[in-house]
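Okay, so here's the structure we're looking at.
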Amino acid sequence: MTRRAPIAAAVAVVAAIGAAGWNAAAQQATDVESLTFLGKTVTAAQLVLGQEDYAANCASCHGANLEGQPDWRRRNENGRMPAPPHDANGHTWHHADRQLFTITKLGVSAIVPGYESDMPAFEGILSDDEIVAVLAFIKSTWPERERGFQAEVTANDEGGS
Amino acid sequence: MMNEHSRTGSPLGRRQALAMLGGVVLSGLSPARWAHAGGAVASALAFDGGALVVAGAQVWRHDLSGGASATFPTPRAHIRALACHPARTGRLFAALEGGGLDRSDDGGRTWHPASGGLPMPQVTAVATAAGAPDTVYAAVAGDGLWRSEDAGENWSFVMDRPWIADAEREVLTIASVNLASGMGGIWIYAGTERGLTRVPDCFCRWQDVVAGNAMDALVAGTPPAPETPLPEGEPVLALTSAMAAPERLAAALPSGLWASSDSGVNWAHRSGHVAPALAAHPTEPSRIAAITADEVILSHDSGASWAALPTT
């Protein structure tokens with residue numbers, strides 16, 4: 001969707017001509033520089049990898065444009081919840097990096113014991129680095145407000161652990 | 001099912017209609033007699049700025065510092081649930097029998113609709129957000145949770161009903177509980193026709209009430225089962241958390257009134273009263289009010305002992 005397009009474009013530019021020629025995307029460059037995951041600065045190369053891994057592993061459920069499944073706030077017949085959006089309309093941006101990483105690697109039941117979910121655990125499918133890259137890519141698509149909120153939640157979570 | 005809850009909130013009967021006609025005339029009666037006079041008409045309760053507001057077919061405001069009590073003009077419809085926030089004295093939200101939600105800005109004297117975008121079915125529960133006085137949550141029968149972030153002007157659907165024992169369950173009561181969810185916000189607790197559950201206020205997912213928060217679960221693995229949970233499967237008719245001590249909760253079940261001091265993990269049976277409505281005082285957490293079939297009762301010791309509201 002349009003919200004994601006600028007950064008996707010920035011990623012494409014970086015991939016094509018390298019970080020040195022990235023003046024055309026100055027705005028996105030600042031955004032990328034300020035982006036961290038689990039305390040580490042995210043690189044443009046990570047975002048390229050993350051976008052690819054997202055398309056290959058997550059888009060089938062969470063949507064090519066991070067829009068989630070239709071009517072995602074209403075549970076399926078079997079009682080399980082559909083895949084939520086990863087854009088500003090969803091709740092992903094409410095959660096700290098550590099929680100997003102844990103859910104992606106180990107599944108939702110890692111943080112809610114006994115919880116039944118259609119979200120697969122990606123341990124053994126994606127490496128930790130790939131999971132970080134995918135989640136960094138997701139974060140890079142968020143508008144400033146959501147990114148700021150999530151940065152604060154992440155800071156509190158790290159401070160409290 | 002919802003029978004226990006709806007018993008006191010049934011559509012207007014003859015006695016209730018008579019009580020409504022009574023209007024201001026009843027204002028001189030004692031609270032106990034007031035409750036009797038209307039039959040089982042009172043079904044909602046809230047502490048609002050030094051007063052206890054009791055509502056049903058009528059709205060009655062009792063000054064807790066010993067001042068005057070007042071019965072206000074009859075609301076549009078029988079009030080089934082009330083909510084308010086200590087940072088907005090005088091502002092009340094009322095779930096109406098038959099559907100819809102009204103708001104008062106003068107302590108319950110006058111009301112106007114506050115349900116823009118809310119669907120028509122019965123609102124079974126209403127609560128304000130502990131940390132955001134203009135945010136209101138409403139549970140809609142057969143539907144789910146709705147949220148307004150502008151004090152009832154606009155509503156949007158935020159969460160399906162909880163899934164407990166292989167089915168979606170009706171939410172009978174909700175409380176915003178000001179404890180970190182571990183998911184970037186605080187909790188919303190819900191009493192359902194099949195026990196207690198909770199959801200982080202980002203509405204990511206309903207989950208059981210267990211010791212600790214989400215990230216504790218990750219570190220500790222499966223949390224130990226609570227030693228004294230609420231009786232399994234029993235409906236939770238009313239639920240309240242004291243804003244000044246959010247880990248202290250009170251719940252009304254068909255088996256009586258229960259209290260928890262550890263965020264709803266373990267519970268103690270406090271009395272045999274069956275109460276369709278409960279409210280905890282926002283700044284004095286030991287003070288709890290409840291409505292029974294024929295009385296308004298008050299406790300000053302977290303539900304250990306109760307007395308009918310003294311007459312003024």
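Just so we're on the same page: first chain in the structure tokens is A, next is B, and so on; residues restart at 1 for each chain, and ligands are numbered from 1 in the order they show up.
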
Could you find all residues in stretch 69-276 of chain B that DSSP calls alpha helix (DSSP H) from the backbone, and write them as an MDAnalysis selection string?
-> chainID B and resid 214:220

Residues of the last selection are to be written out with N, CA, C and O atoms, as a PDB file, in the first residue's frame.
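Below is the file that was written, selection_18.pdb:
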```
ATOM      1  N   ALA B 214       3.094 -11.461  30.541  1.00  0.00           N
ATOM      2  CA  ALA B 214       3.492 -12.249  29.380  1.00  0.00           C
ATOM      3  C   ALA B 214       4.980 -12.612  29.397  1.00  0.00           C
ATOM      4  O   ALA B 214       5.345 -13.750  29.136  1.00  0.00           O
ATOM      5  N   MET B 215       5.837 -11.648  29.708  1.00  0.00           N
ATOM      6  CA  MET B 215       7.248 -11.944  29.621  1.00  0.00           C
ATOM      7  C   MET B 215       7.731 -12.775  30.802  1.00  0.00           C
ATOM      8  O   MET B 215       8.685 -13.516  30.688  1.00  0.00           O
ATOM      9  N   ASP B 216       7.024 -12.704  31.922  1.00  0.00           N
ATOM     10  CA  ASP B 216       7.335 -13.621  33.028  1.00  0.00           C
ATOM     11  C   ASP B 216       7.093 -15.057  32.566  1.00  0.00           C
ATOM     12  O   ASP B 216       7.839 -15.976  32.899  1.00  0.00           O
ATOM     13  N   ALA B 217       6.010 -15.228  31.790  1.00  0.00           N
ATOM     14  CA  ALA B 217       5.681 -16.570  31.300  1.00  0.00           C
ATOM     15  C   ALA B 217       6.826 -17.102  30.463  1.00  0.00           C
ATOM     16  O   ALA B 217       7.202 -18.270  30.556  1.00  0.00           O
ATOM     17  N   LEU B 218       7.401 -16.219  29.657  1.00  0.00           N
ATOM     18  CA  LEU B 218       8.501 -16.634  28.790  1.00  0.00           C
ATOM     19  C   LEU B 218       9.699 -17.090  29.619  1.00  0.00           C
ATOM     20  O   LEU B 218      10.332 -18.096  29.337  1.00  0.00           O
ATOM     21  N   VAL B 219       9.998 -16.337  30.656  1.00  0.00           N
ATOM     22  CA  VAL B 219      11.158 -16.640  31.477  1.00  0.00           C
ATOM     23  C   VAL B 219      10.888 -17.887  32.322  1.00  0.00           C
ATOM     24  O   VAL B 219      11.728 -18.776  32.445  1.00  0.00           O
ATOM     25  N   ALA B 220       9.696 -17.970  32.886  1.00  0.00           N
ATOM     26  CA  ALA B 220       9.424 -19.012  33.875  1.00  0.00           C
ATOM     27  C   ALA B 220       8.838 -20.280  33.263  1.00  0.00           C
ATOM     28  O   ALA B 220       8.737 -21.294  33.930  1.00  0.00           O
TER      29      ALA B 220
END
```

Kindly provide, as a PyMOL selection string, the residues of chain A having any atom no farther than 12 Å from an atom of chain B, counting only C-alpha atoms.
-> chain A and resi 71-86+89-103+106-117+149-158+160-161

Using only C-alpha atoms, which of the listed residues (B:Ala289, B:Ala175, B:Ser115, B:Val54) sits closest to B:Trp187?
-> B:Ala175

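Taking atom CA of B:Ala46 as the reference point, atom CA of B:Leu82 is found at 6.1 Å.
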
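Compared by their closest atoms to A:Lys139, and using only C-alpha atoms, the residues A:Ala59, A:Asp53, A:Lys105, A:Asp87 rank with A:Asp87 nearest.
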
List every residue of stretch 63-180 of chain B that DSSP, applied to the backbone, labels as strand (DSSP E), and write the result as a VMD selection string.
-> chain B and resid 63 69 to 72 79 to 84 92 to 96 101 to 104 112 to 113 123 to 129 132 to 140 144 to 148 156 to 160 163 to 164 167 to 168 171 to 180

What separation in Å, quoted to one decimal, exists between atom CA of B:Arg147 and atom CA of B:Leu101?
->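 Atom CA of B:Leu101 lies at a distance of 12.3 Å from atom CA of B:Arg147.
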
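For the set A:Cys58, A:Ala64, A:Leu49, A:Ile138, the residue with the smallest atom-to-atom gap to A:Ile125 is A:Cys58, counting only C-alpha atoms.
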
Using only C-alpha atoms, pick whichever of B:Ala94, B:Cys84, B:Ala180, B:Ala70 has the shortest atom-to-atom distance to B:Pro133.
-> B:Cys84

Nearest candidate to A:Leu38 (options A:Ala88, A:Ala133, A:Leu126, A:Met119; using only C-alpha atoms) = A:Ala133

A straight line from atom CA of B:Trp60 to atom CA of B:Pro113 spans 19.4 Å

With a distance cut-off of 7 Å and only C-alpha atoms, select the neighbouring residues of B:Ala127, excluding the residue or stretch itself and same-chain residues fewer than 3 positions from it, and output the selection as a tab-separated table (two decimals) with N, CA, C and O atoms, in the first residue's frame.
```tsv
chain	number	residue	atom	x	y	z
B	83	ALA	N	-20.49	3.32	34.50
B	83	ALA	CA	-19.04	3.47	34.60
B	83	ALA	C	-18.71	4.94	34.72
B	83	ALA	O	-19.41	5.79	34.16
B	136	VAL	N	-13.52	4.64	26.77
B	136	VAL	CA	-14.59	3.84	27.35
B	136	VAL	C	-14.68	2.53	26.58
B	136	VAL	O	-14.51	2.51	25.36
B	137	TYR	N	-14.91	1.45	27.32
B	137	TYR	CA	-15.10	0.14	26.70
B	137	TYR	C	-16.52	-0.33	26.94
B	137	TYR	O	-17.07	-0.13	28.02
B	138	ALA	N	-17.09	-0.97	25.92
B	138	ALA	CA	-18.43	-1.53	26.07
B	138	ALA	C	-18.44	-2.93	25.48
B	138	ALA	O	-17.86	-3.17	24.42
B	174	ILE	N	-16.85	-5.89	32.74
B	174	ILE	CA	-15.45	-5.62	32.41
B	174	ILE	C	-14.87	-4.60	33.38
B	174	ILE	O	-15.58	-3.77	33.93
B	175	ALA	N	-13.54	-4.68	33.55
B	175	ALA	CA	-12.85	-3.73	34.41
B	175	ALA	C	-11.48	-3.46	33.82
B	175	ALA	O	-10.76	-4.39	33.45
B	176	SER	N	-11.14	-2.18	33.70
B	176	SER	CA	-9.79	-1.80	33.29
B	176	SER	C	-8.91	-1.90	34.53
B	176	SER	O	-9.17	-1.24	35.53
```

Any idea what's packed within 6 Å of B:Leu257, counting only C-alpha atoms, ignoring anything in its chain fewer than 2 positions away? Could you give it as a list in words?
->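 Everything that qualifies: Ala251, Ala252, Arg270 and Ser271 of chain B.
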
Among listed residues B:Gly195, B:Gly99, B:Gly117, B:Pro282, nearest B:Ala77 (using only C-alpha atoms) =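 That would be B:Gly99, the residue with the smallest distance to B:Ala77.
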
All residues 8 Å or closer to stretch 232-239 of chain B, only C-alpha atoms, same chain fewer than 4 positions away omitted, as a PyMOL selection string = chain B and resi 1+4-5+172-175+190-196+249-254+275-279

Restricted to N, CA and C atoms, what would the selected residues look like written as an mmCIF file, in the first residue's frame?
```cif
data_model
loop_
_atom_site.group_PDB
_atom_site.id
_atom_site.type_symbol
_atom_site.label_atom_id
_atom_site.label_comp_id
_atom_site.auth_asym_id
_atom_site.auth_seq_id
_atom_site.Cartn_x
_atom_site.Cartn_y
_atom_site.Cartn_z
ATOM 1 N N MET B 1 -25.139 -19.354 31.589
ATOM 2 C CA MET B 1 -25.683 -18.366 30.642
ATOM 3 C C MET B 1 -25.939 -17.042 31.354
ATOM 4 N N GLU B 4 -28.622 -15.274 35.430
ATOM 5 C CA GLU B 4 -28.374 -14.637 36.713
ATOM 6 C C GLU B 4 -28.281 -13.126 36.543
ATOM 7 N N HIS B 5 -27.605 -12.759 35.491
ATOM 8 C CA HIS B 5 -27.353 -11.342 35.303
ATOM 9 C C HIS B 5 -28.598 -10.600 34.871
ATOM 10 N N LEU B 172 -20.025 -10.411 30.682
ATOM 11 C CA LEU B 172 -21.059 -9.876 31.575
ATOM 12 C C LEU B 172 -20.591 -8.639 32.321
ATOM 13 N N THR B 173 -19.281 -8.491 32.444
ATOM 14 C CA THR B 173 -18.736 -7.377 33.208
ATOM 15 C C THR B 173 -17.289 -7.155 32.789
ATOM 16 N N ILE B 174 -16.852 -5.893 32.740
ATOM 17 C CA ILE B 174 -15.452 -5.622 32.408
ATOM 18 C C ILE B 174 -14.868 -4.597 33.378
ATOM 19 N N ALA B 175 -13.545 -4.676 33.553
ATOM 20 C CA ALA B 175 -12.851 -3.725 34.412
ATOM 21 C C ALA B 175 -11.476 -3.456 33.822
ATOM 22 N N ALA B 190 -12.334 -9.418 32.224
ATOM 23 C CA ALA B 190 -13.740 -9.628 31.874
ATOM 24 C C ALA B 190 -14.303 -10.797 32.661
ATOM 25 N N GLY B 191 -15.482 -10.604 33.216
ATOM 26 C CA GLY B 191 -16.239 -11.707 33.784
ATOM 27 C C GLY B 191 -17.174 -12.204 32.701
ATOM 28 N N THR B 192 -17.161 -13.510 32.468
ATOM 29 C CA THR B 192 -17.994 -14.073 31.410
ATOM 30 C C THR B 192 -18.975 -15.066 32.018
ATOM 31 N N GLU B 193 -19.831 -15.591 31.157
ATOM 32 C CA GLU B 193 -20.754 -16.640 31.608
ATOM 33 C C GLU B 193 -19.996 -17.905 32.002
ATOM 34 N N ARG B 194 -18.704 -17.985 31.656
ATOM 35 C CA ARG B 194 -17.883 -19.125 32.046
ATOM 36 C C ARG B 194 -16.583 -18.653 32.689
ATOM 37 N N GLY B 195 -16.678 -17.837 33.688
ATOM 38 C CA GLY B 195 -15.486 -17.483 34.452
ATOM 39 C C GLY B 195 -14.770 -16.228 33.987
ATOM 40 N N LEU B 196 -13.571 -16.054 34.558
ATOM 41 C CA LEU B 196 -12.796 -14.832 34.412
ATOM 42 C C LEU B 196 -11.770 -14.977 33.285
ATOM 43 N N LEU B 249 -9.042 -7.038 43.598
ATOM 44 C CA LEU B 249 -10.246 -7.175 42.787
ATOM 45 C C LEU B 249 -11.362 -7.769 43.634
ATOM 46 N N ALA B 250 -12.575 -7.432 43.260
ATOM 47 C CA ALA B 250 -13.731 -8.086 43.869
ATOM 48 C C ALA B 250 -14.613 -8.603 42.740
ATOM 49 N N ALA B 251 -15.241 -9.745 42.968
ATOM 50 C CA ALA B 251 -16.087 -10.345 41.942
ATOM 51 C C ALA B 251 -17.364 -10.875 42.573
ATOM 52 N N ALA B 252 -18.459 -10.744 41.818
ATOM 53 C CA ALA B 252 -19.746 -11.282 42.272
ATOM 54 C C ALA B 252 -20.115 -12.466 41.397
ATOM 55 N N LEU B 253 -20.344 -13.595 42.042
ATOM 56 C CA LEU B 253 -20.736 -14.827 41.364
ATOM 57 C C LEU B 253 -22.041 -15.320 41.984
ATOM 58 N N PRO B 254 -22.708 -16.266 41.346
ATOM 59 C CA PRO B 254 -23.891 -16.846 41.997
ATOM 60 C C PRO B 254 -23.561 -17.419 43.380
ATOM 61 N N ALA B 275 -24.897 -10.522 43.916
ATOM 62 C CA ALA B 275 -24.949 -9.103 43.553
ATOM 63 C C ALA B 275 -24.741 -8.917 42.059
ATOM 64 N N PRO B 276 -25.688 -8.311 41.385
ATOM 65 C CA PRO B 276 -25.498 -8.054 39.960
ATOM 66 C C PRO B 276 -24.609 -6.846 39.679
ATOM 67 N N ALA B 277 -24.256 -6.092 40.723
ATOM 68 C CA ALA B 277 -23.383 -4.932 40.487
ATOM 69 C C ALA B 277 -22.450 -4.737 41.672
ATOM 70 N N LEU B 278 -21.232 -4.296 41.357
ATOM 71 C CA LEU B 278 -20.187 -4.067 42.357
ATOM 72 C C LEU B 278 -19.426 -2.811 41.952
ATOM 73 N N ALA B 279 -18.915 -2.087 42.938
ATOM 74 C CA ALA B 279 -18.022 -0.972 42.605
ATOM 75 C C ALA B 279 -17.016 -0.813 43.724
#
```
